[in-house]
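S.K.: Sharing a structure with you now.
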Amino acid sequence: MCLRQLLQSSQLQRAWRAAFLKHVQGRHPGAWRWTHSGGGPYRAVIFDMGGVLLPSPGRVAAEWEVQNHIPSGTIVKALISGGENGPWMKFMRAEITTEDFLQEFGRLCPEISKTSVPVDSFFSLLTSERVAKQFPVMTEAITQIRAKGLQTAVLSNNFYLPNGKSFLPLDRKQFDVVVESCLEGVCKPDPRMYKLCLERLGRQPSESIFLDDLGPNLKAAAGLGIHTIKVDDPETAVKELETLLGFPLRMAVPNTRPVRKTMEIPKDALEKYLKDLLGIQPTGPLELLQFDHGQSNPTYYVKLANHQLVLRKKPPGTLLPSAHAVEREFRIMKALGNAGVPVPKVLDLCEDSSVVGTPFYLMEYCPGRIYKDPSLPGLEPSQRRAIYTAMNRVLCKIHSVDLKAAGLEDYGKHGDYLARQVQTWIKQYRASETSTIPAMERLIEWLPLHLPRQQRTTVVHGDFRELSTLGDPLADVAYNCLAHYLPSGFPIQPGLSDCDLTELGIPTAEDYFRMYCLHMGIPPIENWNFYMAFSFFRIAAILQGVYKRSLTGQASSATAKQTGKLTEFMSNLAWDFAIKEGFQIFKEMPATKPLMRSHHTWSLLRTPGTRSYVTSTDSSPAHASKGALIFSPEGLPHRVRELYQKLKEFMERHVYPAEPELQRHQVSAERWTPSPLVEDLKVKQPF
């Protein structure tokens, strides 16, 4: 788990790998073909932990430094400080306690960075469940290796946690042998570690393959005669391991799980339907798994014979009107696929509920990478930028589809899209409302009064197929930027609001909007705060529906009940944007003389039985502005204008920069206790 790999250049890594592959190919020419099934020269595979089975501590450190504004490389320099006699290596040999390590580590980091470094925070992240999760591709590989009768082992430099247990967040049942440095008092690259592992496996070096992410550890293993694979990327490493072993290691489908009890469908009826549709007579059974991502429509992986398919169906139970329209999903994906938009090929729509209980459609299964974390961990800044740019361009491609040529002119109504959408989601929210949420009530009143005057009509993505229609494409762009305003610890999916986007190479929301305008050849978007307010309002309404269904056991995701409870949080974010849009309009108003109305005009609008209060500017005559409506700060009395300026400065200096921290507190376990930051702001406020 040493972190020296961060100090190695990518060119050296590529050169090392090329030399390694040439070496293996020269010594084992037959290994480059599928020539055997577990009967080759290798009988054991030994895995390092950090950087092989789990995310590399070096990558964790690099991303943590970005998020916490710590100079890049601080953690690595502190960890390798002192070499074999440094605090990190002593900690992994159990020569010092966690407390002693953190104390010494906490002394080194500020010396290196010349700034305060919260080392406890890094250590907590390094050992957290969020980071310490085994790569699915490695889990699949281990399963296949053991199924072929080979042995597996873990050989890790690790440490003791404060609770006295060793840090090994793995299922030990996956391995025949586990060797831990903190238990043995020896660390890699000491040859004794490798010999100990081989002895417990009962294997010779030539019968074993060792995977590690660090050159010195691999060099020591190779010196004993163990075959080695350097791991820079788990997917690539597994491919190299497949080549050496001579059999495939990735049989399972990523991001799937056994079908949940409440989401089971009749396999016999489905198999009969597929045989008729595909015109096949398979000899093997139908394979059915459920994808673990998604909320509204249950989605399944289906394999029959050589056909890999995805089935997407309506959930069971009573549904809201027009919701879960898989029929529309099928139509739009087919039309856009024919128009050159990258979507899976759809095969059939079945509206006969007798087959699997509800209508469904089928599409081809497309293997690929799914990024659930918008910060794209593990990638270089240039790669992140390229991915966000590609996403932006595909969105532009959707918005550029010729409606008539695609046969989509009647896919939705033309014009007044946002007005209709606002009313639709108000109705959907009311239909699933379980309690009064103040921000939702304010938005329900505010949104219809602030609709954009000009709107284009194109195919709109909606929320990735299921809400697609014809409408204002700018609503899509805003929806695409939701993650920019959610904290990284957000329970539905990680956000970006507390990340340093410049360091990560990810465009800001403003940059993303500008990029879209450039690609589409349209003027800059001035009222994008409205579109963000609408997007968060729509999400809040969707989450409320998910929550309502969870109360009756109809929701298709196991986390639906938790998800639905976030309606209030999302509605508060939506209202924040509504306020910002109001300030934007306010700032754009010309600083002219306040509009004057005669006293009797305002009297007609006054509620009977109430007094009328009017303000005037200091420069105006004593009674000249009675009945005046103030449009700008310049129209306020001097004392009120001073108060306004103080408030504005306080908000810009203290409140706006604190918004990410305040949002994190709202979704944390401490959300029911007073926020220390709010209490501090109360003390600082100038009034």
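Residues in the structure tokens are named by chain (A, B, ... in the order shown) and by number from 1 within that chain; ligands are numbered from 1 in the order shown.
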From a backbone DSSP assignment, name each residue in stretch 238-341 of chain A labelled alpha helix (DSSP H), as a PDB file with N, CA and C atoms, in the first residue's frame.

M.R.:
ATOM      1  N   VAL A 238      -6.764  -7.518 -15.659  1.00  0.00           N
ATOM      2  CA  VAL A 238      -7.520  -8.769 -15.778  1.00  0.00           C
ATOM      3  C   VAL A 238      -7.361  -9.355 -17.179  1.00  0.00           C
ATOM      4  N   LYS A 239      -7.304  -8.499 -18.189  1.00  0.00           N
ATOM      5  CA  LYS A 239      -7.074  -8.992 -19.549  1.00  0.00           C
ATOM      6  C   LYS A 239      -5.714  -9.689 -19.639  1.00  0.00           C
ATOM      7  N   GLU A 240      -4.680  -9.102 -19.031  1.00  0.00           N
ATOM      8  CA  GLU A 240      -3.351  -9.717 -19.036  1.00  0.00           C
ATOM      9  C   GLU A 240      -3.367 -11.037 -18.268  1.00  0.00           C
ATOM     10  N   LEU A 241      -4.113 -11.060 -17.169  1.00  0.00           N
ATOM     11  CA  LEU A 241      -4.210 -12.285 -16.374  1.00  0.00           C
ATOM     12  C   LEU A 241      -4.935 -13.378 -17.160  1.00  0.00           C
ATOM     13  N   GLU A 242      -5.970 -13.008 -17.900  1.00  0.00           N
ATOM     14  CA  GLU A 242      -6.670 -13.970 -18.761  1.00  0.00           C
ATOM     15  C   GLU A 242      -5.703 -14.601 -19.757  1.00  0.00           C
ATOM     16  N   THR A 243      -4.834 -13.774 -20.318  1.00  0.00           N
ATOM     17  CA  THR A 243      -3.886 -14.257 -21.312  1.00  0.00           C
ATOM     18  C   THR A 243      -2.929 -15.275 -20.710  1.00  0.00           C
ATOM     19  N   LEU A 244      -2.437 -14.996 -19.517  1.00  0.00           N
ATOM     20  CA  LEU A 244      -1.509 -15.921 -18.864  1.00  0.00           C
ATOM     21  C   LEU A 244      -2.198 -17.219 -18.442  1.00  0.00           C
ATOM     22  N   LEU A 245      -3.416 -17.115 -17.932  1.00  0.00           N
ATOM     23  CA  LEU A 245      -4.110 -18.304 -17.438  1.00  0.00           C
ATOM     24  C   LEU A 245      -4.721 -19.132 -18.564  1.00  0.00           C
ATOM     25  N   LYS A 267     -40.254 -16.524 -15.736  1.00  0.00           N
ATOM     26  CA  LYS A 267     -39.216 -16.843 -16.711  1.00  0.00           C
ATOM     27  C   LYS A 267     -39.731 -17.742 -17.838  1.00  0.00           C
ATOM     28  N   ASP A 268     -40.639 -18.655 -17.514  1.00  0.00           N
ATOM     29  CA  ASP A 268     -41.139 -19.573 -18.551  1.00  0.00           C
ATOM     30  C   ASP A 268     -41.880 -18.814 -19.650  1.00  0.00           C
ATOM     31  N   ALA A 269     -42.760 -17.889 -19.226  1.00  0.00           N
ATOM     32  CA  ALA A 269     -43.516 -17.107 -20.211  1.00  0.00           C
ATOM     33  C   ALA A 269     -42.589 -16.224 -21.034  1.00  0.00           C
ATOM     34  N   LEU A 270     -41.565 -15.649 -20.378  1.00  0.00           N
ATOM     35  CA  LEU A 270     -40.610 -14.799 -21.090  1.00  0.00           C
ATOM     36  C   LEU A 270     -39.801 -15.619 -22.089  1.00  0.00           C
ATOM     37  N   GLU A 271     -39.379 -16.821 -21.687  1.00  0.00           N
ATOM     38  CA  GLU A 271     -38.585 -17.662 -22.583  1.00  0.00           C
ATOM     39  C   GLU A 271     -39.389 -18.050 -23.827  1.00  0.00           C
ATOM     40  N   LYS A 272     -40.655 -18.402 -23.647  1.00  0.00           N
ATOM     41  CA  LYS A 272     -41.506 -18.746 -24.796  1.00  0.00           C
ATOM     42  C   LYS A 272     -41.635 -17.550 -25.741  1.00  0.00           C
ATOM     43  N   TYR A 273     -41.832 -16.360 -25.165  1.00  0.00           N
ATOM     44  CA  TYR A 273     -41.954 -15.138 -25.976  1.00  0.00           C
ATOM     45  C   TYR A 273     -40.669 -14.894 -26.775  1.00  0.00           C
ATOM     46  N   LEU A 274     -39.513 -15.053 -26.125  1.00  0.00           N
ATOM     47  CA  LEU A 274     -38.233 -14.797 -26.791  1.00  0.00           C
ATOM     48  C   LEU A 274     -37.959 -15.817 -27.897  1.00  0.00           C
ATOM     49  N   LYS A 275     -38.322 -17.071 -27.665  1.00  0.00           N
ATOM     50  CA  LYS A 275     -38.132 -18.085 -28.706  1.00  0.00           C
ATOM     51  C   LYS A 275     -38.909 -17.716 -29.968  1.00  0.00           C
ATOM     52  N   ASP A 276     -40.145 -17.255 -29.780  1.00  0.00           N
ATOM     53  CA  ASP A 276     -40.963 -16.856 -30.929  1.00  0.00           C
ATOM     54  C   ASP A 276     -40.405 -15.599 -31.595  1.00  0.00           C
ATOM     55  N   LEU A 277     -39.967 -14.643 -30.786  1.00  0.00           N
ATOM     56  CA  LEU A 277     -39.464 -13.379 -31.328  1.00  0.00           C
ATOM     57  C   LEU A 277     -38.165 -13.575 -32.095  1.00  0.00           C
ATOM     58  N   LEU A 278     -37.240 -14.334 -31.521  1.00  0.00           N
ATOM     59  CA  LEU A 278     -35.910 -14.493 -32.098  1.00  0.00           C
ATOM     60  C   LEU A 278     -35.826 -15.669 -33.063  1.00  0.00           C
ATOM     61  N   VAL A 326     -43.177   3.093 -20.970  1.00  0.00           N
ATOM     62  CA  VAL A 326     -42.142   2.372 -21.709  1.00  0.00           C
ATOM     63  C   VAL A 326     -42.434   2.383 -23.210  1.00  0.00           C
ATOM     64  N   GLU A 327     -43.701   2.554 -23.570  1.00  0.00           N
ATOM     65  CA  GLU A 327     -44.052   2.624 -24.994  1.00  0.00           C
ATOM     66  C   GLU A 327     -43.380   3.824 -25.658  1.00  0.00           C
ATOM     67  N   ARG A 328     -43.351   4.960 -24.953  1.00  0.00           N
ATOM     68  CA  ARG A 328     -42.697   6.158 -25.493  1.00  0.00           C
ATOM     69  C   ARG A 328     -41.185   5.970 -25.537  1.00  0.00           C
ATOM     70  N   GLU A 329     -40.635   5.309 -24.529  1.00  0.00           N
ATOM     71  CA  GLU A 329     -39.191   5.043 -24.524  1.00  0.00           C
ATOM     72  C   GLU A 329     -38.801   4.263 -25.777  1.00  0.00           C
ATOM     73  N   PHE A 330     -39.579   3.229 -26.072  1.00  0.00           N
ATOM     74  CA  PHE A 330     -39.296   2.401 -27.247  1.00  0.00           C
ATOM     75  C   PHE A 330     -39.347   3.233 -28.529  1.00  0.00           C
ATOM     76  N   ARG A 331     -40.377   4.052 -28.653  1.00  0.00           N
ATOM     77  CA  ARG A 331     -40.549   4.842 -29.875  1.00  0.00           C
ATOM     78  C   ARG A 331     -39.398   5.820 -30.074  1.00  0.00           C
ATOM     79  N   ILE A 332     -39.029   6.547 -29.024  1.00  0.00           N
ATOM     80  CA  ILE A 332     -38.003   7.581 -29.188  1.00  0.00           C
ATOM     81  C   ILE A 332     -36.630   6.966 -29.439  1.00  0.00           C
ATOM     82  N   MET A 333     -36.321   5.847 -28.773  1.00  0.00           N
ATOM     83  CA  MET A 333     -35.020   5.222 -28.986  1.00  0.00           C
ATOM     84  C   MET A 333     -34.898   4.674 -30.405  1.00  0.00           C
ATOM     85  N   LYS A 334     -35.994   4.131 -30.916  1.00  0.00           N
ATOM     86  CA  LYS A 334     -35.968   3.617 -32.286  1.00  0.00           C
ATOM     87  C   LYS A 334     -35.773   4.755 -33.284  1.00  0.00           C
ATOM     88  N   ALA A 335     -36.494   5.861 -33.083  1.00  0.00           N
ATOM     89  CA  ALA A 335     -36.398   6.996 -34.005  1.00  0.00           C
ATOM     90  C   ALA A 335     -35.023   7.644 -33.954  1.00  0.00           C
ATOM     91  N   LEU A 336     -34.494   7.857 -32.755  1.00  0.00           N
ATOM     92  CA  LEU A 336     -33.191   8.508 -32.638  1.00  0.00           C
ATOM     93  C   LEU A 336     -32.070   7.608 -33.137  1.00  0.00           C
ATOM     94  N   GLY A 337     -32.200   6.306 -32.925  1.00  0.00           N
ATOM     95  CA  GLY A 337     -31.200   5.380 -33.452  1.00  0.00           C
ATOM     96  C   GLY A 337     -31.117   5.469 -34.965  1.00  0.00           C
ATOM     97  N   ASN A 338     -32.269   5.578 -35.610  1.00  0.00           N
ATOM     98  CA  ASN A 338     -32.298   5.720 -37.074  1.00  0.00           C
ATOM     99  C   ASN A 338     -31.749   7.069 -37.527  1.00  0.00           C
TER     100      ASN A 338
END

S.K.: Which residues are close to A:Leu677, i.e. within 10 Å by only C-alpha atoms, leaving aside same-chain residues fewer than 2 positions away? Reply as number ranges by chain.

M.R.: A: 655, 658, 661-662, 665, 674-675, 679-683

S.K.: Looking at A:Ile46, A:Ile525, A:Ala439, A:Val259, which one is nearest to A:Ala541, with distances taken over only C-alpha atoms?

M.R.: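 For A:Ala541, the nearest of the given residues is A:Ala439.
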
S.K.: With only C-alpha atoms as the atoms that count, which of A:Asn85, A:Ser208, A:Asn255, A:Ser468 lies nearest to A:Gln151?

M.R.: A:Ser208

S.K.: For A:Val459, which of A:Gly412, A:Pro494, A:Gly164, A:Pro205 is the closest residue, counting only C-alpha atoms?

M.R.: A:Gly412

S.K.: Go through A:Glu351, A:Pro344, A:Phe159, A:Asp373 and flag the residue nearest A:Gln493, using only C-alpha atoms for the distances.

M.R.: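 Between A:Glu351, A:Pro344, A:Phe159, A:Asp373, the residue approaching A:Gln493 most closely is A:Asp373.
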
S.K.: Please tabulate, as a tab-separated table, the residues of stretch 81-158 of chain A that come within 7 Å of stretch 47-56 of chain A, each with its closest pair of atoms and the distance in Å to one decimal, counting only C-alpha atoms and ordering rows by chain, then residue number upward.

M.R.:
residue	atom	partner	partner_atom	distance
A:Val131	CA	A:Pro55	CA	6.8
A:Ala132	CA	A:Leu54	CA	6.0
A:Lys133	CA	A:Leu54	CA	5.9
A:Gln134	CA	A:Leu54	CA	4.9
A:Phe135	CA	A:Leu53	CA	5.8
A:Met138	CA	A:Leu53	CA	6.2
A:Ala153	CA	A:Phe47	CA	6.1
A:Val154	CA	A:Phe47	CA	4.8
A:Leu155	CA	A:Asp48	CA	5.2
A:Ser156	CA	A:Asp48	CA	5.2

S.K.: Take the residues that were just selected and, keeping C-alpha atoms, output them as a short mmCIF file (atom, residue, chain, number, x, y, z; two decimals), in the first residue's frame.

M.R.:
data_model
loop_
_atom_site.label_atom_id
_atom_site.label_comp_id
_atom_site.auth_asym_id
_atom_site.auth_seq_id
_atom_site.Cartn_x
_atom_site.Cartn_y
_atom_site.Cartn_z
CA VAL A 131 -13.51 3.95 -0.83
CA ALA A 132 -12.71 0.47 0.50
CA LYS A 133 -14.87 -1.41 -2.01
CA GLN A 134 -13.46 -4.24 -4.08
CA PHE A 135 -13.44 -3.68 -7.84
CA MET A 138 -11.56 -8.33 -9.65
CA ALA A 153 -4.20 -15.34 -1.99
CA VAL A 154 -3.88 -11.78 -0.71
CA LEU A 155 -0.43 -10.40 0.07
CA SER A 156 -0.88 -6.92 1.50
#

S.K.: Set the distance at 10 Å and use only C-alpha atoms: which residues neighbour A:Gly582 once local chain neighbours fewer than 5 positions away are removed? I'd like the list as a VMD selection string.

M.R.: chain A and resid 450 527 529 to 530 576 to 577 587

S.K.: Okay, now the selection with N, CA and C atoms, as a compact mmCIF listing (two decimals), in the first residue's frame?

M.R.:
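Written file, result-v8.txt:
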# COMPACT_ATOMS: atom_id res chain seq x y z
N HIS A 450 -42.71 33.14 -13.89
CA HIS A 450 -41.39 33.53 -14.39
C HIS A 450 -40.95 32.67 -15.57
N ASN A 527 -30.90 33.47 -18.65
CA ASN A 527 -31.81 33.10 -17.56
C ASN A 527 -31.67 31.64 -17.15
N ASN A 529 -30.61 30.37 -14.49
CA ASN A 529 -31.02 30.07 -13.11
C ASN A 529 -32.47 29.59 -13.06
N PHE A 530 -33.31 30.13 -13.95
CA PHE A 530 -34.70 29.64 -14.00
C PHE A 530 -34.71 28.16 -14.37
N ASP A 576 -33.44 28.14 -4.06
CA ASP A 576 -32.22 28.95 -4.09
C ASP A 576 -32.00 29.53 -5.48
N PHE A 577 -32.21 28.72 -6.52
CA PHE A 577 -32.04 29.20 -7.89
C PHE A 577 -33.12 30.20 -8.26
N LYS A 587 -30.86 43.00 -10.96
CA LYS A 587 -29.60 43.66 -11.31
C LYS A 587 -29.63 44.23 -12.73

S.K.: With only C-alpha atoms as the basis for distance, which of A:Leu449, A:Val302, A:Ile426, A:Ala44 is at the shortest distance from A:Leu211?

M.R.: A:Ala44

S.K.: List the spatial neighbours of stretch 113-117 of chain A as a list of chain:residue names - criterion: any atom at most 12 Å away, only C-alpha atoms, same-chain residues fewer than 2 positions off excluded.

M.R.: A:Trp64, A:Glu65, A:Asn68, A:His69, A:Ile70, A:Pro71, A:Ser72, A:Gly73, A:Thr74, A:Ile75, A:Val76, A:Lys77, A:Ala78, A:Leu102, A:Gln103, A:Phe105, A:Gly106, A:Arg107, A:Leu108, A:Cys109, A:Pro110, A:Glu111, A:Val119, A:Asp120, A:Ser121, A:Phe122, A:Phe123

S.K.: So that I can see what lies close to A:Met89, please list as a PyMOL selection string the residues with an atom at most 9 Å from it, counting only C-alpha atoms and leaving out residues fewer than 6 positions away in the same chain.

M.R.: chain A and resi 2+79-80+82-83+95+157+187

S.K.: Any chance you can output those residues with N, CA and C atoms as a tab-separated table (two decimals), in the first residue's frame?

M.R.:
chain	number	residue	atom	x	y	z
A	2	CYS	N	2.15	1.10	-0.25
A	2	CYS	CA	3.02	2.27	-0.39
A	2	CYS	C	2.59	3.05	-1.62
A	79	LEU	N	4.01	10.10	3.24
A	79	LEU	CA	3.98	8.65	3.44
A	79	LEU	C	5.32	7.98	3.12
A	80	ILE	N	6.03	8.48	2.12
A	80	ILE	CA	7.30	7.84	1.77
A	80	ILE	C	8.47	8.46	2.53
A	82	GLY	N	11.19	9.09	5.04
A	82	GLY	CA	11.89	8.19	5.95
A	82	GLY	C	12.10	6.79	5.42
A	83	GLY	N	11.55	6.49	4.24
A	83	GLY	CA	11.75	5.17	3.65
A	83	GLY	C	11.26	4.04	4.54
A	95	GLU	N	4.67	-1.48	14.24
A	95	GLU	CA	5.67	-1.04	15.22
A	95	GLU	C	5.21	0.20	15.96
A	157	ASN	N	0.46	-5.09	2.28
A	157	ASN	CA	0.99	-4.20	3.31
A	157	ASN	C	-0.21	-3.45	3.89
A	187	CYS	N	7.09	-6.14	5.71
A	187	CYS	CA	6.40	-5.49	4.58
A	187	CYS	C	7.05	-5.88	3.26

S.K.: Looking at only C-alpha atoms, which of A:Ser400, A:Thr358, A:Ser550, A:Gln308 is the one that sits closest to A:His461?

M.R.: A:Ser400

S.K.: As a VMD selection string, which residues of stretch 88-160 of chain A does DSSP assign to strand (DSSP E or B)?

M.R.: chain A and resid 151 to 156 160

S.K.: Quick one: which stretch 350-408 of chain A residues come within 10 Å of stretch 502-519 of chain A, and what is the nearest atom pair for each with the distance in Å to one decimal, counting only C-alpha atoms, rows ordered by chain and ascending number, as CSV?

M.R.:
residue,atom,partner,partner_atom,distance
A:Pro374,CA,A:Ile506,CA,9.1
A:Ser375,CA,A:Leu504,CA,7.4
A:Leu376,CA,A:Leu504,CA,8.7
A:Pro377,CA,A:Leu504,CA,9.1
A:Leu379,CA,A:Leu504,CA,8.8
A:Glu380,CA,A:Leu504,CA,7.6
A:Pro381,CA,A:Gly505,CA,4.2
A:Ser382,CA,A:Gly505,CA,6.2
A:Gln383,CA,A:Gly505,CA,8.0
A:Arg384,CA,A:Gly505,CA,5.9
A:Arg385,CA,A:Gly505,CA,5.4
A:Ala386,CA,A:Ile506,CA,9.0
A:Ile387,CA,A:Ile506,CA,9.0
A:Tyr388,CA,A:Ile506,CA,7.0
A:Thr389,CA,A:Met515,CA,7.9
A:Asn392,CA,A:Tyr516,CA,6.3
A:Arg393,CA,A:His519,CA,7.0
A:Leu395,CA,A:Tyr516,CA,8.4
A:Cys396,CA,A:His519,CA,7.0
A:Lys397,CA,A:His519,CA,9.6

S.K.: Can you write just those residues out, N, CA and C atoms, as a CSV table (one decimal), in the first residue's frame?

M.R.:
chain,number,residue,atom,x,y,z
A,374,PRO,N,-20.0,11.6,-10.9
A,374,PRO,CA,-19.7,12.6,-11.9
A,374,PRO,C,-18.3,13.2,-11.8
A,375,SER,N,-17.6,12.9,-10.7
A,375,SER,CA,-16.2,13.4,-10.6
A,375,SER,C,-15.3,12.5,-11.4
A,376,LEU,N,-15.8,11.4,-11.9
A,376,LEU,CA,-15.0,10.4,-12.8
A,376,LEU,C,-13.7,10.0,-12.1
A,377,PRO,N,-13.7,9.4,-10.9
A,377,PRO,CA,-12.5,9.1,-10.2
A,377,PRO,C,-11.7,8.1,-11.0
A,379,LEU,N,-9.6,8.9,-13.4
A,379,LEU,CA,-9.3,9.4,-14.7
A,379,LEU,C,-8.4,10.6,-14.6
A,380,GLU,N,-7.7,10.9,-15.7
A,380,GLU,CA,-6.9,12.1,-15.8
A,380,GLU,C,-7.8,13.3,-16.1
A,381,PRO,N,-7.3,14.6,-15.8
A,381,PRO,CA,-8.1,15.7,-16.1
A,381,PRO,C,-8.5,15.9,-17.5
A,382,SER,N,-7.6,15.5,-18.4
A,382,SER,CA,-7.9,15.6,-19.9
A,382,SER,C,-8.9,14.6,-20.3
A,383,GLN,N,-8.9,13.4,-19.6
A,383,GLN,CA,-10.0,12.4,-19.9
A,383,GLN,C,-11.3,12.9,-19.5
A,384,ARG,N,-11.4,13.5,-18.3
A,384,ARG,CA,-12.6,14.0,-17.7
A,384,ARG,C,-13.2,15.1,-18.7
A,385,ARG,N,-12.3,16.0,-19.1
A,385,ARG,CA,-12.8,17.1,-20.0
A,385,ARG,C,-13.3,16.5,-21.2
A,386,ALA,N,-12.7,15.5,-21.8
A,386,ALA,CA,-13.1,14.9,-23.1
A,386,ALA,C,-14.5,14.2,-22.9
A,387,ILE,N,-14.7,13.6,-21.8
A,387,ILE,CA,-16.0,12.9,-21.5
A,387,ILE,C,-17.1,13.9,-21.4
A,388,TYR,N,-16.9,15.0,-20.7
A,388,TYR,CA,-17.9,16.0,-20.5
A,388,TYR,C,-18.2,16.7,-21.8
A,389,THR,N,-17.1,16.9,-22.6
A,389,THR,CA,-17.3,17.5,-24.0
A,389,THR,C,-18.1,16.6,-24.9
A,392,ASN,N,-21.7,16.7,-23.9
A,392,ASN,CA,-22.3,17.9,-24.4
A,392,ASN,C,-22.7,17.8,-25.9
A,393,ARG,N,-21.8,17.2,-26.7
A,393,ARG,CA,-22.0,17.1,-28.1
A,393,ARG,C,-23.1,16.2,-28.4
A,395,LEU,N,-25.7,15.6,-26.5
A,395,LEU,CA,-26.9,16.4,-26.2
A,395,LEU,C,-27.3,17.3,-27.4
A,396,CYS,N,-26.3,18.0,-27.9
A,396,CYS,CA,-26.5,18.8,-29.1
A,396,CYS,C,-27.1,18.0,-30.3
A,397,LYS,N,-26.5,16.8,-30.4
A,397,LYS,CA,-27.0,15.9,-31.5
A,397,LYS,C,-28.5,15.6,-31.4

S.K.: I want to know what sits within 8 Å of A:Phe490, based on only C-alpha atoms, with residues of the same chain fewer than 4 positions away left out; could you give that as a compact mmCIF listing (two decimals) with C-alpha atoms, in the first residue's frame?

M.R.:
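So the final result, stored in part.txt, reads:
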# COMPACT_ATOMS: atom_id res chain seq x y z
CA LEU A 486 -25.00 18.47 -5.06
CA PRO A 494 -22.18 11.88 -5.57
CA GLY A 495 -22.15 15.53 -6.61
CA ARG A 664 -23.37 18.88 3.30
CA VAL A 667 -27.71 15.63 4.29

S.K.: For atom CA of A:Phe210 and atom CA of A:Glu180, determine how far apart the two atoms are, in Å to one decimal place.

M.R.: 15.2 Å

S.K.: With a distance cut-off of 10 Å and only C-alpha atoms, select the neighbouring residues of A:Tyr194, excluding the residue or stretch itself and same-chain residues fewer than 2 positions from it, and output the selection as a PyMOL selection string.

M.R.: chain A and resi 46+155+179+187-192+196-199+205+210+217+220-221+224+226

S.K.: Any chance you could export the current selection's N, CA and C atoms as a short mmCIF file (atom, residue, chain, number, x, y, z; two decimals), in the first residue's frame?

M.R.:
data_model
loop_
_atom_site.label_atom_id
_atom_site.label_comp_id
_atom_site.auth_asym_id
_atom_site.auth_seq_id
_atom_site.Cartn_x
_atom_site.Cartn_y
_atom_site.Cartn_z
N ILE A 46 -1.83 -14.53 -6.74
CA ILE A 46 -1.65 -13.76 -5.51
C ILE A 46 -1.93 -12.29 -5.82
N LEU A 155 -1.71 -10.73 -0.54
CA LEU A 155 -0.43 -10.40 0.07
C LEU A 155 -0.37 -8.89 0.18
N VAL A 179 -2.03 -13.01 3.75
CA VAL A 179 -0.81 -12.61 4.45
C VAL A 179 -0.84 -11.10 4.63
N CYS A 187 7.09 -6.14 5.71
CA CYS A 187 6.40 -5.49 4.58
C CYS A 187 7.05 -5.88 3.26
N LYS A 188 6.24 -5.89 2.20
CA LYS A 188 6.82 -5.93 0.85
C LYS A 188 7.65 -4.66 0.66
N PRO A 189 8.73 -4.72 -0.06
CA PRO A 189 9.24 -5.80 -0.92
C PRO A 189 10.19 -6.78 -0.24
N ASP A 190 10.13 -6.94 1.06
CA ASP A 190 10.97 -7.92 1.76
C ASP A 190 10.64 -9.32 1.23
N PRO A 191 11.63 -10.07 0.72
CA PRO A 191 11.37 -11.40 0.14
C PRO A 191 10.68 -12.35 1.10
N ARG A 192 10.83 -12.13 2.40
CA ARG A 192 10.21 -13.04 3.37
C ARG A 192 8.68 -13.05 3.23
N LEU A 196 6.69 -16.54 2.55
CA LEU A 196 5.68 -16.94 3.52
C LEU A 196 4.36 -17.28 2.82
N CYS A 197 3.99 -16.46 1.85
CA CYS A 197 2.75 -16.70 1.11
C CYS A 197 2.84 -18.00 0.31
N LEU A 198 3.96 -18.21 -0.39
CA LEU A 198 4.14 -19.42 -1.19
C LEU A 198 4.13 -20.66 -0.30
N GLU A 199 4.76 -20.55 0.86
CA GLU A 199 4.81 -21.68 1.79
C GLU A 199 3.41 -22.08 2.24
N PRO A 205 7.40 -20.83 -6.83
CA PRO A 205 7.28 -19.52 -7.49
C PRO A 205 6.81 -19.61 -8.94
N PHE A 210 1.66 -13.00 -9.52
CA PHE A 210 1.49 -11.96 -8.50
C PHE A 210 1.10 -10.65 -9.17
N ASN A 217 7.77 -3.79 -5.59
CA ASN A 217 7.16 -5.03 -5.09
C ASN A 217 7.17 -6.12 -6.15
N ALA A 220 10.77 -7.55 -6.63
CA ALA A 220 11.15 -8.52 -5.60
C ALA A 220 10.51 -9.88 -5.87
N ALA A 221 9.24 -9.87 -6.31
CA ALA A 221 8.56 -11.13 -6.61
C ALA A 221 9.20 -11.82 -7.80
N LEU A 224 12.28 -13.84 -7.23
CA LEU A 224 12.10 -15.18 -6.66
C LEU A 224 11.58 -16.18 -7.69
N ILE A 226 8.58 -15.62 -9.42
CA ILE A 226 7.13 -15.50 -9.53
C ILE A 226 6.80 -14.68 -10.78
#
